[in-house]
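> Please find target-v8.txt (compact mmCIF, C-alpha atoms) on the next line:
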```txt
# COMPACT_ATOMS: atom_id res chain seq x y z
CA MET J 29 41.65 -28.61 -23.88
CA SER J 30 42.73 -25.13 -25.01
CA SER J 31 41.04 -22.12 -23.39
CA SER J 32 39.37 -21.17 -26.70
CA MET J 33 37.56 -24.53 -26.74
CA GLN J 34 36.17 -24.17 -23.18
CA PRO J 35 32.37 -23.69 -22.97
CA SER J 36 31.23 -20.11 -22.16
CA TYR J 37 28.86 -21.41 -19.51
CA LEU J 38 29.00 -23.21 -16.18
CA PRO J 39 26.80 -26.26 -15.54
CA ALA J 40 23.55 -25.41 -13.70
CA THR J 41 24.38 -27.39 -10.56
CA THR J 42 24.46 -26.72 -6.84
CA GLU J 43 28.30 -26.79 -7.05
CA SER J 44 28.23 -23.77 -9.41
CA ILE J 45 25.88 -21.89 -7.06
CA ALA J 46 28.20 -22.68 -4.12
CA LYS J 47 31.17 -21.44 -6.19
CA ALA J 48 29.35 -18.12 -6.75
CA GLN J 49 28.68 -17.76 -3.02
CA GLU J 50 32.31 -18.45 -2.15
CA ALA J 51 33.68 -15.93 -4.68
CA LYS J 52 35.95 -13.21 -3.28
CA ASP J 53 33.74 -10.27 -4.35
CA ALA J 54 30.25 -9.49 -5.71
CA SER J 55 31.48 -8.90 -9.30
CA GLU J 56 32.94 -12.41 -9.49
CA SER J 57 29.75 -13.93 -7.99
CA ILE J 58 27.64 -12.07 -10.56
CA SER J 59 29.88 -13.26 -13.41
CA ILE J 60 29.61 -16.92 -12.26
CA LEU J 61 25.80 -16.72 -11.95
CA TYR J 62 25.49 -15.25 -15.46
CA GLN J 63 27.53 -18.22 -16.73
CA VAL J 64 25.17 -20.64 -14.92
CA LEU J 65 22.21 -19.06 -16.76
CA GLU J 66 24.00 -19.72 -20.08
CA ASP J 67 23.82 -23.51 -19.51
CA PRO J 68 21.72 -24.83 -22.44
CA SER J 69 20.37 -27.75 -20.36
CA SER J 70 16.60 -27.66 -19.70
CA SER J 71 16.34 -30.66 -17.36
CA ALA J 72 14.15 -30.25 -14.26
CA ASP J 73 17.24 -30.02 -11.99
CA ALA J 74 18.93 -27.45 -14.26
CA LEU J 75 15.78 -25.28 -14.34
CA ARG J 76 15.50 -25.40 -10.54
CA THR J 77 19.17 -24.41 -10.19
CA LYS J 78 18.72 -21.56 -12.69
CA GLU J 79 15.77 -20.24 -10.64
CA LEU J 80 18.04 -20.17 -7.58
CA ALA J 81 20.77 -18.48 -9.66
CA ILE J 82 18.26 -15.78 -10.74
CA THR J 83 17.26 -15.11 -7.11
CA ASN J 84 20.93 -14.83 -6.01
CA LEU J 85 21.84 -12.72 -9.05
CA THR J 86 18.92 -10.34 -8.37
CA ASN J 87 20.12 -9.90 -4.77
CA TYR J 88 23.72 -9.20 -5.82
CA LEU J 89 22.72 -6.70 -8.53
CA THR J 90 20.39 -4.91 -6.09
CA LYS J 91 23.15 -4.61 -3.45
CA GLU J 92 25.48 -3.22 -6.15
CA ASN J 93 22.76 -0.72 -7.29
CA ARG J 94 22.99 -2.06 -10.86
CA ALA J 95 19.42 -1.19 -11.92
CA GLU J 96 20.15 -1.21 -15.67
CA ASP J 97 21.62 -4.73 -15.38
CA LEU J 98 18.42 -5.91 -13.64
CA ARG J 99 16.39 -4.49 -16.51
CA ASN J 100 18.61 -6.28 -19.06
CA LEU J 101 18.33 -9.49 -17.02
CA LEU J 102 14.53 -9.47 -17.50
CA THR J 103 14.97 -9.19 -21.26
CA LYS J 104 17.67 -11.89 -21.28
CA LEU J 105 15.42 -14.31 -19.33
CA ARG J 106 12.52 -14.28 -21.82
CA PRO J 107 13.54 -17.56 -23.54
CA PHE J 108 13.90 -19.15 -20.06
CA PHE J 109 10.35 -18.06 -19.15
CA ALA J 110 9.03 -20.23 -21.99
CA LEU J 111 10.44 -23.32 -20.19
CA ILE J 112 8.98 -22.77 -16.71
CA PRO J 113 5.38 -22.57 -15.37
CA LYS J 114 3.59 -19.21 -15.72
CA ALA J 115 3.22 -18.81 -11.93
CA LYS J 116 7.02 -19.07 -11.51
CA THR J 117 7.54 -16.57 -14.34
CA ALA J 118 5.19 -14.12 -12.61
CA LYS J 119 7.09 -14.56 -9.32
CA ILE J 120 10.49 -13.92 -10.96
CA VAL J 121 9.28 -10.90 -12.98
CA ARG J 122 7.65 -9.26 -9.96
CA GLY J 123 10.74 -10.06 -7.83
CA ILE J 124 13.07 -8.29 -10.30
CA ILE J 125 10.72 -5.27 -10.59
CA ASP J 126 10.64 -5.08 -6.76
CA ALA J 127 14.44 -5.29 -6.70
CA VAL J 128 14.75 -2.31 -9.09
CA ALA J 129 12.38 -0.38 -6.79
CA LYS J 130 14.81 -0.83 -3.87
CA ILE J 131 17.49 1.10 -5.77
CA PRO J 132 17.12 4.88 -5.17
CA GLY J 133 16.42 7.24 -8.08
CA THR J 134 15.04 4.63 -10.46
CA SER J 135 11.39 5.72 -10.83
CA GLU J 136 11.76 6.54 -14.56
CA LEU J 137 13.56 3.23 -15.16
CA GLN J 138 10.82 1.33 -13.29
CA ILE J 139 8.11 2.97 -15.42
CA SER J 140 9.84 2.10 -18.71
CA LEU J 141 10.59 -1.43 -17.43
CA CYS J 142 6.92 -1.99 -16.53
CA LYS J 143 5.82 -0.65 -19.94
CA GLU J 144 8.23 -3.08 -21.66
CA MET J 145 6.90 -5.99 -19.59
CA VAL J 146 3.27 -5.03 -20.36
CA GLU J 147 4.07 -5.17 -24.10
CA TRP J 148 5.78 -8.56 -23.69
CA THR J 149 2.95 -10.05 -21.57
CA ARG J 150 0.39 -8.85 -24.16
CA ALA J 151 2.34 -10.51 -26.96
CA GLU J 152 2.71 -13.71 -24.89
CA LYS J 153 -0.98 -13.58 -23.79
CA ARG J 154 0.00 -13.77 -20.10
CA THR J 155 -3.08 -11.98 -18.73
CA PHE J 156 -2.52 -12.74 -15.02
CA LEU J 157 1.00 -11.28 -15.05
CA ARG J 158 0.06 -8.34 -17.32
CA GLN J 159 -2.69 -7.17 -14.95
CA ARG J 160 -0.30 -7.16 -11.99
CA VAL J 161 2.43 -5.33 -13.91
CA GLU J 162 -0.17 -2.77 -15.11
CA ALA J 163 -1.30 -2.23 -11.50
CA ARG J 164 2.35 -1.68 -10.53
CA LEU J 165 2.78 0.73 -13.46
CA ALA J 166 -0.31 2.72 -12.35
CA ALA J 167 1.17 3.00 -8.82
CA LEU J 168 4.47 4.29 -10.26
CA LEU J 169 2.66 6.82 -12.48
CA LEU J 170 0.74 8.02 -9.41
CA GLU J 171 4.02 8.49 -7.49
CA ASN J 172 5.39 10.39 -10.50
CA GLN J 173 2.26 12.61 -10.50
CA GLU J 174 1.29 11.48 -14.01
CA TYR J 175 -2.35 11.33 -12.92
CA THR J 176 -4.13 11.33 -16.31
CA GLU J 177 -2.10 8.41 -17.68
CA ALA J 178 -2.56 6.47 -14.41
CA LEU J 179 -6.33 7.06 -14.47
CA ASN J 180 -6.64 5.92 -18.09
CA LEU J 181 -4.67 2.76 -17.31
CA LEU J 182 -6.72 1.96 -14.19
CA SER J 183 -10.15 2.56 -15.73
CA GLY J 184 -9.50 -0.14 -18.36
CA LEU J 185 -7.83 -2.51 -15.90
CA ILE J 186 -10.55 -2.28 -13.24
CA LYS J 187 -13.30 -3.38 -15.69
CA GLU J 188 -11.19 -6.34 -16.79
CA VAL J 189 -10.38 -7.47 -13.22
CA ARG J 190 -14.03 -7.07 -12.08
CA ARG J 191 -15.09 -9.33 -14.94
CA LEU J 192 -12.56 -11.97 -13.86
CA ASP J 193 -13.51 -11.43 -10.18
CA ASP J 194 -9.86 -11.47 -8.98
CA LYS J 195 -10.66 -10.04 -5.52
CA LEU J 196 -7.08 -9.70 -4.22
CA LEU J 197 -5.97 -7.68 -7.26
CA LEU J 198 -9.26 -5.76 -7.16
CA VAL J 199 -8.49 -4.55 -3.61
CA ASP J 200 -5.11 -3.24 -4.83
CA ILE J 201 -6.61 -1.48 -7.85
CA ASP J 202 -9.53 0.07 -5.92
CA LEU J 203 -7.05 1.37 -3.33
CA LEU J 204 -4.87 2.82 -6.08
CA GLU J 205 -7.91 4.47 -7.65
CA SER J 206 -8.85 5.97 -4.27
CA LYS J 207 -5.33 7.45 -3.87
CA LEU J 208 -5.45 8.77 -7.42
CA HIS J 209 -8.82 10.53 -6.97
CA PHE J 210 -7.58 11.92 -3.65
CA SER J 211 -4.49 13.36 -5.40
CA LEU J 212 -6.86 14.95 -7.95
CA ARG J 213 -8.90 16.37 -5.00
CA ASN J 214 -12.02 14.40 -5.98
CA LEU J 215 -13.06 13.25 -2.48
CA PRO J 216 -16.46 11.66 -3.35
CA LYS J 217 -14.79 9.36 -5.91
CA ALA J 218 -11.87 8.65 -3.54
CA LYS J 219 -14.35 7.53 -0.87
CA ALA J 220 -16.35 5.42 -3.37
CA SER J 221 -13.17 3.60 -4.51
CA LEU J 222 -12.14 2.99 -0.89
CA THR J 223 -15.60 1.54 -0.11
CA ALA J 224 -15.21 -0.77 -3.14
CA ALA J 225 -11.77 -1.87 -1.83
CA ARG J 226 -13.26 -2.62 1.62
CA THR J 227 -16.14 -4.60 0.07
CA ALA J 228 -13.72 -6.73 -1.98
CA ALA J 229 -11.43 -7.17 1.07
CA ASN J 230 -14.32 -8.42 3.25
CA ALA J 231 -14.85 -11.38 0.91
CA ILE J 232 -11.27 -12.71 1.12
CA TYR J 233 -8.26 -13.02 3.42
CA VAL J 234 -6.31 -9.77 3.14
CA PRO J 235 -2.60 -9.74 4.12
CA PRO J 236 -1.86 -7.42 7.12
CA SER J 237 0.16 -5.01 4.94
CA GLN J 238 -2.78 -4.53 2.58
CA GLN J 239 -5.22 -4.12 5.50
CA GLY J 240 -2.85 -1.50 6.92
CA THR J 241 -2.89 0.36 3.58
CA ILE J 242 -6.73 0.35 3.59
CA ASP J 243 -6.77 1.75 7.16
CA LEU J 244 -4.15 4.37 6.28
CA GLN J 245 -6.20 5.58 3.30
CA SER J 246 -9.38 5.60 5.46
CA GLY J 247 -7.60 7.77 8.02
CA ILE J 248 -6.39 10.20 5.33
CA LEU J 249 -9.92 10.63 3.92
CA HIS J 250 -11.50 11.11 7.38
CA ALA J 251 -8.82 13.68 8.28
CA GLU J 252 -9.62 15.52 5.03
CA GLU J 253 -13.22 15.83 6.26
CA LYS J 254 -11.93 17.21 9.60
CA ASP J 255 -13.12 14.08 11.44
CA TYR J 256 -9.80 13.76 13.28
CA LYS J 257 -11.02 11.40 16.03
CA THR J 258 -12.11 8.71 13.54
CA ALA J 259 -8.98 9.38 11.47
CA TYR J 260 -6.82 8.80 14.57
CA SER J 261 -8.37 5.36 15.19
CA TYR J 262 -7.71 4.33 11.56
CA PHE J 263 -4.11 5.60 11.69
CA PHE J 264 -3.63 3.66 14.93
CA GLU J 265 -4.86 0.43 13.27
CA ALA J 266 -2.55 1.05 10.30
CA PHE J 267 0.37 1.80 12.63
CA GLU J 268 -0.12 -1.48 14.52
CA ALA J 269 -0.32 -3.49 11.26
CA PHE J 270 2.80 -1.88 9.72
CA SER J 271 4.73 -1.94 13.00
CA SER J 272 4.25 -5.70 13.36
CA LEU J 273 5.71 -6.13 9.84
CA ASP J 274 8.55 -3.59 10.33
CA ASP J 275 7.11 -1.74 7.32
CA PRO J 276 8.50 1.82 6.82
CA LYS J 277 4.88 3.04 6.41
CA ALA J 278 4.56 2.64 10.23
CA ILE J 279 6.43 5.96 10.61
CA SER J 280 3.94 7.78 8.34
CA SER J 281 1.02 6.27 10.28
CA LEU J 282 2.55 7.40 13.59
CA LYS J 283 3.17 10.88 12.18
CA TYR J 284 -0.48 11.18 11.08
CA MET J 285 -1.65 9.90 14.51
CA LEU J 286 0.29 12.70 16.19
CA LEU J 287 -1.06 15.20 13.64
CA CYS J 288 -4.66 14.22 14.56
CA LYS J 289 -3.92 14.77 18.26
CA ILE J 290 -2.60 18.27 17.49
CA MET J 291 -5.58 19.09 15.23
CA VAL J 292 -8.10 18.27 18.01
CA SER J 293 -6.18 20.50 20.48
CA GLN J 294 -4.69 17.54 22.37
CA ALA J 295 -1.08 18.45 21.64
CA ASP J 296 -0.13 17.52 25.22
CA ASP J 297 -0.88 13.83 24.41
CA VAL J 298 1.89 13.78 21.77
CA ALA J 299 4.72 13.39 24.31
CA GLY J 300 2.93 10.39 25.90
CA ILE J 301 2.45 8.60 22.56
CA VAL J 302 6.06 9.25 21.52
CA SER J 303 7.48 7.96 24.83
CA SER J 304 5.34 4.77 24.73
CA LYS J 305 7.04 1.46 23.88
CA ALA J 306 5.65 1.50 20.32
CA GLY J 307 6.59 5.16 19.80
CA LEU J 308 10.18 4.85 21.07
CA LYS J 309 10.89 2.34 18.28
CA TYR J 310 10.35 5.06 15.66
CA LEU J 311 12.20 8.02 17.16
CA GLY J 312 13.72 10.12 14.39
CA PRO J 313 13.22 13.31 12.35
CA ASP J 314 9.53 12.56 11.54
CA VAL J 315 8.59 12.16 15.19
CA ASP J 316 10.80 15.13 16.20
CA ALA J 317 9.00 17.28 13.61
CA MET J 318 5.58 16.48 15.11
CA LYS J 319 6.92 17.08 18.66
CA ALA J 320 8.14 20.53 17.57
CA VAL J 321 4.70 21.36 16.07
CA ALA J 322 2.92 20.09 19.20
CA ASP J 323 5.22 22.23 21.38
CA ALA J 324 4.53 25.32 19.24
CA TYR J 325 0.79 24.67 19.37
CA SER J 326 0.79 24.17 23.17
CA LYS J 327 2.60 27.50 23.59
CA ARG J 328 0.36 29.16 20.94
CA SER J 329 3.61 30.48 19.44
CA LEU J 330 3.70 31.30 15.72
CA LYS J 331 7.44 31.89 15.98
CA TYR J 332 8.04 28.31 17.22
CA PHE J 333 5.60 27.05 14.59
CA GLU J 334 7.52 28.72 11.76
CA THR J 335 10.83 27.49 13.22
CA ALA J 336 9.45 23.91 13.21
CA LEU J 337 8.30 24.30 9.57
CA ARG J 338 11.74 25.59 8.60
CA ASP J 339 13.79 23.04 10.57
CA TYR J 340 11.73 20.05 9.45
CA LYS J 341 10.83 21.10 5.90
CA ALA J 342 11.23 17.59 4.45
CA GLN J 343 8.98 15.99 7.09
CA LEU J 344 6.28 18.71 7.19
CA GLU J 345 6.23 20.85 4.04
CA GLU J 346 7.09 18.07 1.58
CA ASP J 347 4.48 15.65 2.94
CA PRO J 348 1.31 16.89 1.13
CA ILE J 349 -1.06 15.45 3.76
CA VAL J 350 0.72 16.98 6.76
CA HIS J 351 1.29 20.24 4.87
CA ARG J 352 -2.41 20.70 4.07
CA HIS J 353 -3.54 20.23 7.68
CA LEU J 354 -0.72 22.29 9.17
CA SER J 355 -1.59 25.19 6.81
CA SER J 356 -5.11 25.26 8.26
CA LEU J 357 -3.69 24.89 11.81
CA TYR J 358 -1.27 27.79 11.18
CA ASP J 359 -4.20 29.95 9.98
CA THR J 360 -6.23 29.13 13.10
CA LEU J 361 -3.25 29.87 15.36
CA LEU J 362 -2.56 33.16 13.55
CA GLU J 363 -6.22 34.23 13.88
CA GLN J 364 -6.30 33.36 17.60
CA ASN J 365 -3.09 35.32 18.23
CA LEU J 366 -4.28 38.35 16.24
CA CYS J 367 -7.66 38.41 18.03
CA ARG J 368 -5.87 38.30 21.40
CA LEU J 369 -3.50 41.13 20.41
CA ILE J 370 -6.13 43.54 19.02
CA GLU J 371 -8.64 42.91 21.85
CA PRO J 372 -7.54 45.87 24.09
CA TYR J 373 -7.57 48.40 21.22
CA SER J 374 -10.15 50.45 19.32
CA ARG J 375 -7.46 51.79 16.95
CA VAL J 376 -3.94 50.35 16.51
CA GLU J 377 -1.09 50.60 14.01
CA ILE J 378 -0.66 47.51 11.84
CA ALA J 379 3.13 47.88 12.20
CA HIS J 380 2.74 47.57 16.00
CA ILE J 381 0.69 44.34 15.66
CA ALA J 382 3.26 42.94 13.19
CA GLU J 383 6.06 43.77 15.65
CA MET J 384 4.27 42.05 18.55
CA ILE J 385 3.45 38.92 16.52
CA GLU J 386 6.93 38.94 14.83
CA LEU J 387 5.60 38.66 11.25
CA PRO J 388 5.98 40.89 8.13
CA ILE J 389 3.52 43.85 7.94
CA GLU J 390 2.16 42.76 4.50
CA HIS J 391 1.41 39.29 5.87
CA VAL J 392 -0.45 40.71 8.91
CA GLU J 393 -2.38 43.28 6.85
CA LYS J 394 -3.54 40.63 4.38
CA LYS J 395 -4.67 38.31 7.21
CA LEU J 396 -6.54 41.11 9.05
CA SER J 397 -8.45 42.07 5.89
CA GLN J 398 -9.37 38.41 5.35
CA MET J 399 -10.59 38.13 8.98
CA ILE J 400 -12.75 41.27 8.57
CA LEU J 401 -14.32 39.81 5.40
CA ASP J 402 -14.91 36.48 7.19
CA LYS J 403 -16.61 38.45 10.05
CA LYS J 404 -14.10 37.13 12.61
CA PHE J 405 -14.29 40.63 14.15
CA ALA J 406 -15.90 43.98 13.24
CA GLY J 407 -13.46 46.59 11.97
CA THR J 408 -11.84 48.28 8.98
CA LEU J 409 -8.31 48.94 7.69
CA ASP J 410 -7.25 52.56 7.23
CA GLN J 411 -4.42 51.86 4.77
CA GLY J 412 -3.55 55.57 4.38
CA ALA J 413 -2.73 55.84 8.08
CA GLY J 414 -1.57 52.20 8.33
CA CYS J 415 -4.05 51.55 11.12
CA LEU J 416 -6.67 49.01 12.07
CA ILE J 417 -9.91 50.47 13.47
CA ILE J 418 -11.93 48.02 15.62
CA PHE J 419 -15.65 48.62 16.03
CA GLU J 420 -17.60 47.98 19.18
CA ASP J 421 -19.64 44.79 18.95
CA PRO J 422 -23.20 46.01 18.33
CA LYS J 423 -25.24 44.63 21.23
CA THR J 424 -28.53 43.19 20.02
CA GLU J 425 -31.55 44.39 21.98
CA GLU J 426 -33.26 41.54 23.80
CA ILE J 427 -36.66 42.89 22.75
CA PHE J 428 -36.09 42.08 19.06
CA PRO J 429 -35.92 38.25 19.33
CA ALA J 430 -38.90 38.32 21.75
CA THR J 431 -40.94 40.46 19.29
CA LEU J 432 -40.12 38.09 16.40
CA GLU J 433 -41.22 35.12 18.50
CA THR J 434 -44.54 36.86 19.41
CA ILE J 435 -45.24 37.70 15.74
CA GLY J 436 -44.52 34.05 14.82
CA ASN J 437 -46.97 32.78 17.46
CA VAL J 438 -49.70 35.26 16.35
CA GLY J 439 -49.19 34.00 12.79
CA LYS J 440 -49.77 30.40 13.91
CA VAL J 441 -53.02 31.42 15.78
CA VAL J 442 -54.35 33.27 12.71
CA ASP J 443 -53.59 30.24 10.48
CA SER J 444 -55.38 27.94 12.94
CA LEU J 445 -58.49 30.23 13.09
CA TYR J 446 -58.55 30.43 9.30
CA MET J 447 -58.52 26.60 9.02
CA ARG J 448 -61.43 26.33 11.53
CA SER J 449 -63.54 28.97 9.79
CA ALA J 450 -62.95 27.25 6.45
CA LYS J 451 -64.31 23.98 7.92
CA ILE J 452 -67.41 25.76 9.38
CA MET J 453 -68.15 27.49 6.05
CA ALA J 454 -67.85 24.14 4.28
```
Please, can you express the file's structure as structure tokens?

Amino acid sequence: MSSSMQPSYLPATTESIAKAQEAKDASESISILYQVLEDPSSSADALRTKELAITNLTNYLTKENRAEDLRNLLTKLRPFFALIPKAKTAKIVRGIIDAVAKIPGTSELQISLCKEMVEWTRAEKRTFLRQRVEARLAALLLENQEYTEALNLLSGLIKEVRRLDDKLLLVDIDLLESKLHFSLRNLPKAKASLTAARTAANAIYVPPSQQGTIDLQSGILHAEEKDYKTAYSYFFEAFEAFSSLDDPKAISSLKYMLLCKIMVSQADDVAGIVSSKAGLKYLGPDVDAMKAVADAYSKRSLKYFETALRDYKAQLEEDPIVHRHLSSLYDTLLEQNLCRLIEPYSRVEIAHIAEMIELPIEHVEKKLSQMILDKKFAGTLDQGAGCLIIFEDPKTEEIFPATLETIGNVGKVVDSLYMRSAKIMA
């Protein structure tokens, strides 16, 4: 047979799959698997082989970082989806979307891919799959900080899923909604959504990864309310769940655990947690960053603190949760240091304080004026002379509180006598 007459496909058999696996490079394997998918046969064996070919092809394309090819594969497979059960279609679609997510720098592509799949599932009336793809799309929009669009998508989806009572998906959506409200700084709604997620989770078996996500979000919300001890216990639960699954979120949980220890002035415990068996597994820049902060806090050194923030910018400044708490910690540390430095003086140059604390004069002047307004100490800034004048703490006379108490007691006696006389007159 001449080459022009040869079929453009390979038969969907285990031999063809084996041939793809034995190919000399990934490009050849991918080419063979594409040819297997072209086989027009729709027998049960051929369909099973094609499913295996799709799984292998997805793996090869992911390793080769060919995100656009994965997207095109989803479009190309639509006629095939009409031949297989809906549950298998859902598994393949979600598998390919997950594969695209593993390729760095593809967030925009993932969003457009999910939007395409939502349109297709609507047209095909595949409600189960559409809801899951929409939930994935909302998560991607949240990551991309497109909060309004994500909220609009979730508000419609959550009503639909509640009506169908799909508890597992409901847990995912409630958790997403909680994260979204937290990003929008609406804490009451974030807590309400998290409570809804917990309620739904209590009624079903929840996979460990999802339980870990619930605990992680609980810890974040408690930390936001400055309840660091409760937050620590939630982060610890999340860390154990993610660690047992080798989930990368274990590192974030460990980082937040260490942050809680620092925030409750137990920075000395950080070294012990890090050197434990569980902690040693996750040594790296994230843990080093928290060790540097703990060291700076233990030494009450703003210079070390700023060095840690500069050296570990990606781990500290670019993590919004850590950044928010460390900003408040930095403020506390700065106030403590300033109070200690100005304590011996009744009048001192601002430039001298700035020199001792090793910070710019403008920064120190601004902080001192804020502390005076917040009544952290009594004093005033003489900006003309560039000085800080500290007032003596006015000592309250002990007689005043005693006098107030006596007047209060006399008032109670008079009220009591009035009540008695009113009864007698009656």
> Find the spatial neighbours of stretch 382-399 of chain J, counting only C-alpha atoms, within a cut-off of 10 Å - ignore same-chain residues fewer than 3 positions away - and output them as a list in words.
Ser329, Leu330, Lys331, Asp359, Leu362, Glu363, Asn365, Leu366, Cys367, Leu369, Glu377, Ile378, Ala379, Asp402, Lys403, Lys404, Phe405, Ala406, Gly407, Thr408, Leu409, Gln411, Gly414, Cys415 and Leu416 of chain J
> Applying 12 Å and all atoms listed in the file, which residues near J:Thr176 remain after dropping the ones on its own chain fewer than 3 positions away? List them as JSON, numbers by chain.
{"J": [166, 169, 170, 172, 173, 179, 180, 181, 182, 183, 205, 208, 209, 211, 212]}
> Listed atoms of stretch 77-87 of chain J, axis-aligned box, 5 Å per side: centre and edge lengths to one decimal in Å, as JSON?

```
{"center_x": 18.8, "center_y": -17.2, "center_z": -8.7, "size_x": 16.1, "size_y": 24.5, "size_z": 17.9}
```
> Can you list, as a ChimeraX atom specification, every protein, DNA or RNA residue that comes within 9 Å of stretch 70-76 of chain J when you count all atoms listed in the file, leaving out same-chain residues fewer than 2 positions away?
/J:39-41,67-68,78-81,108,111-112
> Give me a file of those residues, with C-alpha atoms, as a short mmCIF file (atom, residue, chain, number, x, y, z; two decimals), keeping the file's coordinate frame.

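For reference, result_16.cif as written:
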```cif
data_model
loop_
_atom_site.label_atom_id
_atom_site.label_comp_id
_atom_site.auth_asym_id
_atom_site.auth_seq_id
_atom_site.Cartn_x
_atom_site.Cartn_y
_atom_site.Cartn_z
CA PRO J 39 26.80 -26.26 -15.54
CA ALA J 40 23.55 -25.41 -13.70
CA THR J 41 24.38 -27.39 -10.56
CA ASP J 67 23.82 -23.51 -19.51
CA PRO J 68 21.72 -24.83 -22.44
CA LYS J 78 18.72 -21.56 -12.69
CA GLU J 79 15.77 -20.24 -10.64
CA LEU J 80 18.04 -20.17 -7.58
CA ALA J 81 20.77 -18.48 -9.66
CA PHE J 108 13.90 -19.15 -20.06
CA LEU J 111 10.44 -23.32 -20.19
CA ILE J 112 8.98 -22.77 -16.71
#
```
> Find the residues around J:Thr86 up to 7 Å (all atoms listed in the file counted), leave out those fewer than 6 positions away in its own chain, and share them as a list in words.
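The residues that qualify are Leu98, Ile124 and Ala127 of chain J.
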> With stretch 225-237 of chain J as the partner and 9 Å as the cut-off, tabulate the residues of stretch 254-339 of chain J that qualify, each row holding the nearest pair of atoms and their distance in Å to one decimal, using all atoms listed in the file, sorted by chain and rising number, as a tab-separated table.

```
residue	atom	partner	partner_atom	distance
J:Ala266	CA	J:Ser237	CA	8.5
J:Ala269	CA	J:Pro236	CA	5.9
J:Phe270	CA	J:Ser237	CA	6.3
J:Ser272	CA	J:Pro236	CA	8.9
J:Leu273	CA	J:Ser237	CA	7.5
J:Asp275	CA	J:Ser237	CA	8.0
```
> What is the distance between atom CA of J:Arg99 and atom CA of J:Ala115, in Å to one decimal?
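Separation of atom CA of J:Arg99 and atom CA of J:Ala115: 20.0 Å.
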> Figure out the distance between atom CA of J:Ile125 and atom CA of J:Ala178, please, to one decimal in Å.
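The value is 18.1 Å.
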> Could you check how far atom CA of J:Arg164 sits from atom CA of J:Ala95, in Å to one decimal?
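Pair atom CA of J:Arg164 / atom CA of J:Ala95 returns 17.1 Å.
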> Go through J:Ser69, J:Lys114, J:Val315, J:Lys187 and flag the residue nearest J:Lys153, using all atoms listed in the file for the distances.
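Closest residue, counting all atoms listed in the file: J:Lys114.
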> May I have the residues within 10 Å of J:Leu141 as a PyMOL selection string, using all atoms listed in the file and disregarding those fewer than 6 positions away in the same chain?
chain J and resi 96+98-100+102-103+125+128+135+161+165
> Can you list every residue of stretch 156-273 of chain J that has an atom at most 12 Å from stretch 291-298 of chain J, with its nearest atom pair and the distance in Å to one decimal, using only C-alpha atoms, ordered by chain then number, as a Markdown table?

```
| residue | atom | partner | partner_atom | distance |
| --- | --- | --- | --- | --- |
| J:Ala251 | CA | J:Met291 | CA | 9.4 |
| J:Glu252 | CA | J:Met291 | CA | 11.5 |
| J:Lys254 | CA | J:Met291 | CA | 8.7 |
| J:Asp255 | CA | J:Val292 | CA | 9.3 |
| J:Tyr256 | CA | J:Val292 | CA | 6.8 |
| J:Lys257 | CA | J:Val292 | CA | 7.7 |
| J:Thr258 | CA | J:Val292 | CA | 11.3 |
| J:Ala259 | CA | J:Met291 | CA | 11.0 |
| J:Tyr260 | CA | J:Val292 | CA | 10.2 |
```
> Check the smallest atom-to-atom distance from each of J:Ala306, J:Ile60, J:Phe210, J:Lys52 to J:Tyr37 using all atoms listed in the file, then report the winner.
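Nearest to J:Tyr37: J:Ile60.
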> Show me the residues close to (-5.9, -11.6, -8.4) - anything with an atom within 12 Å, counting all atoms listed in the file - and format the list as a list in words.
Thr155, Phe156, Leu157, Arg158, Gln159, Arg160, Val161, Ala163, Leu185, Ile186, Glu188, Val189, Arg190, Arg191, Leu192, Asp193, Asp194, Lys195, Leu196, Leu197, Leu198, Val199, Asp200, Ile201, Ala228, Ala229, Ile232 and Val234 of chain J
> Please write the residues from the selection above to a file, keeping C-alpha atoms, as an mmCIF file, in the coordinates of the input.

```cif
data_model
loop_
_atom_site.group_PDB
_atom_site.id
_atom_site.type_symbol
_atom_site.label_atom_id
_atom_site.label_comp_id
_atom_site.auth_asym_id
_atom_site.auth_seq_id
_atom_site.Cartn_x
_atom_site.Cartn_y
_atom_site.Cartn_z
ATOM 1 C CA THR J 155 -3.080 -11.980 -18.730
ATOM 2 C CA PHE J 156 -2.520 -12.740 -15.020
ATOM 3 C CA LEU J 157 1.000 -11.280 -15.050
ATOM 4 C CA ARG J 158 0.060 -8.340 -17.320
ATOM 5 C CA GLN J 159 -2.690 -7.170 -14.950
ATOM 6 C CA ARG J 160 -0.300 -7.160 -11.990
ATOM 7 C CA VAL J 161 2.430 -5.330 -13.910
ATOM 8 C CA ALA J 163 -1.300 -2.230 -11.500
ATOM 9 C CA LEU J 185 -7.830 -2.510 -15.900
ATOM 10 C CA ILE J 186 -10.550 -2.280 -13.240
ATOM 11 C CA GLU J 188 -11.190 -6.340 -16.790
ATOM 12 C CA VAL J 189 -10.380 -7.470 -13.220
ATOM 13 C CA ARG J 190 -14.030 -7.070 -12.080
ATOM 14 C CA ARG J 191 -15.090 -9.330 -14.940
ATOM 15 C CA LEU J 192 -12.560 -11.970 -13.860
ATOM 16 C CA ASP J 193 -13.510 -11.430 -10.180
ATOM 17 C CA ASP J 194 -9.860 -11.470 -8.980
ATOM 18 C CA LYS J 195 -10.660 -10.040 -5.520
ATOM 19 C CA LEU J 196 -7.080 -9.700 -4.220
ATOM 20 C CA LEU J 197 -5.970 -7.680 -7.260
ATOM 21 C CA LEU J 198 -9.260 -5.760 -7.160
ATOM 22 C CA VAL J 199 -8.490 -4.550 -3.610
ATOM 23 C CA ASP J 200 -5.110 -3.240 -4.830
ATOM 24 C CA ILE J 201 -6.610 -1.480 -7.850
ATOM 25 C CA ALA J 228 -13.720 -6.730 -1.980
ATOM 26 C CA ALA J 229 -11.430 -7.170 1.070
ATOM 27 C CA ILE J 232 -11.270 -12.710 1.120
ATOM 28 C CA VAL J 234 -6.310 -9.770 3.140
#
```
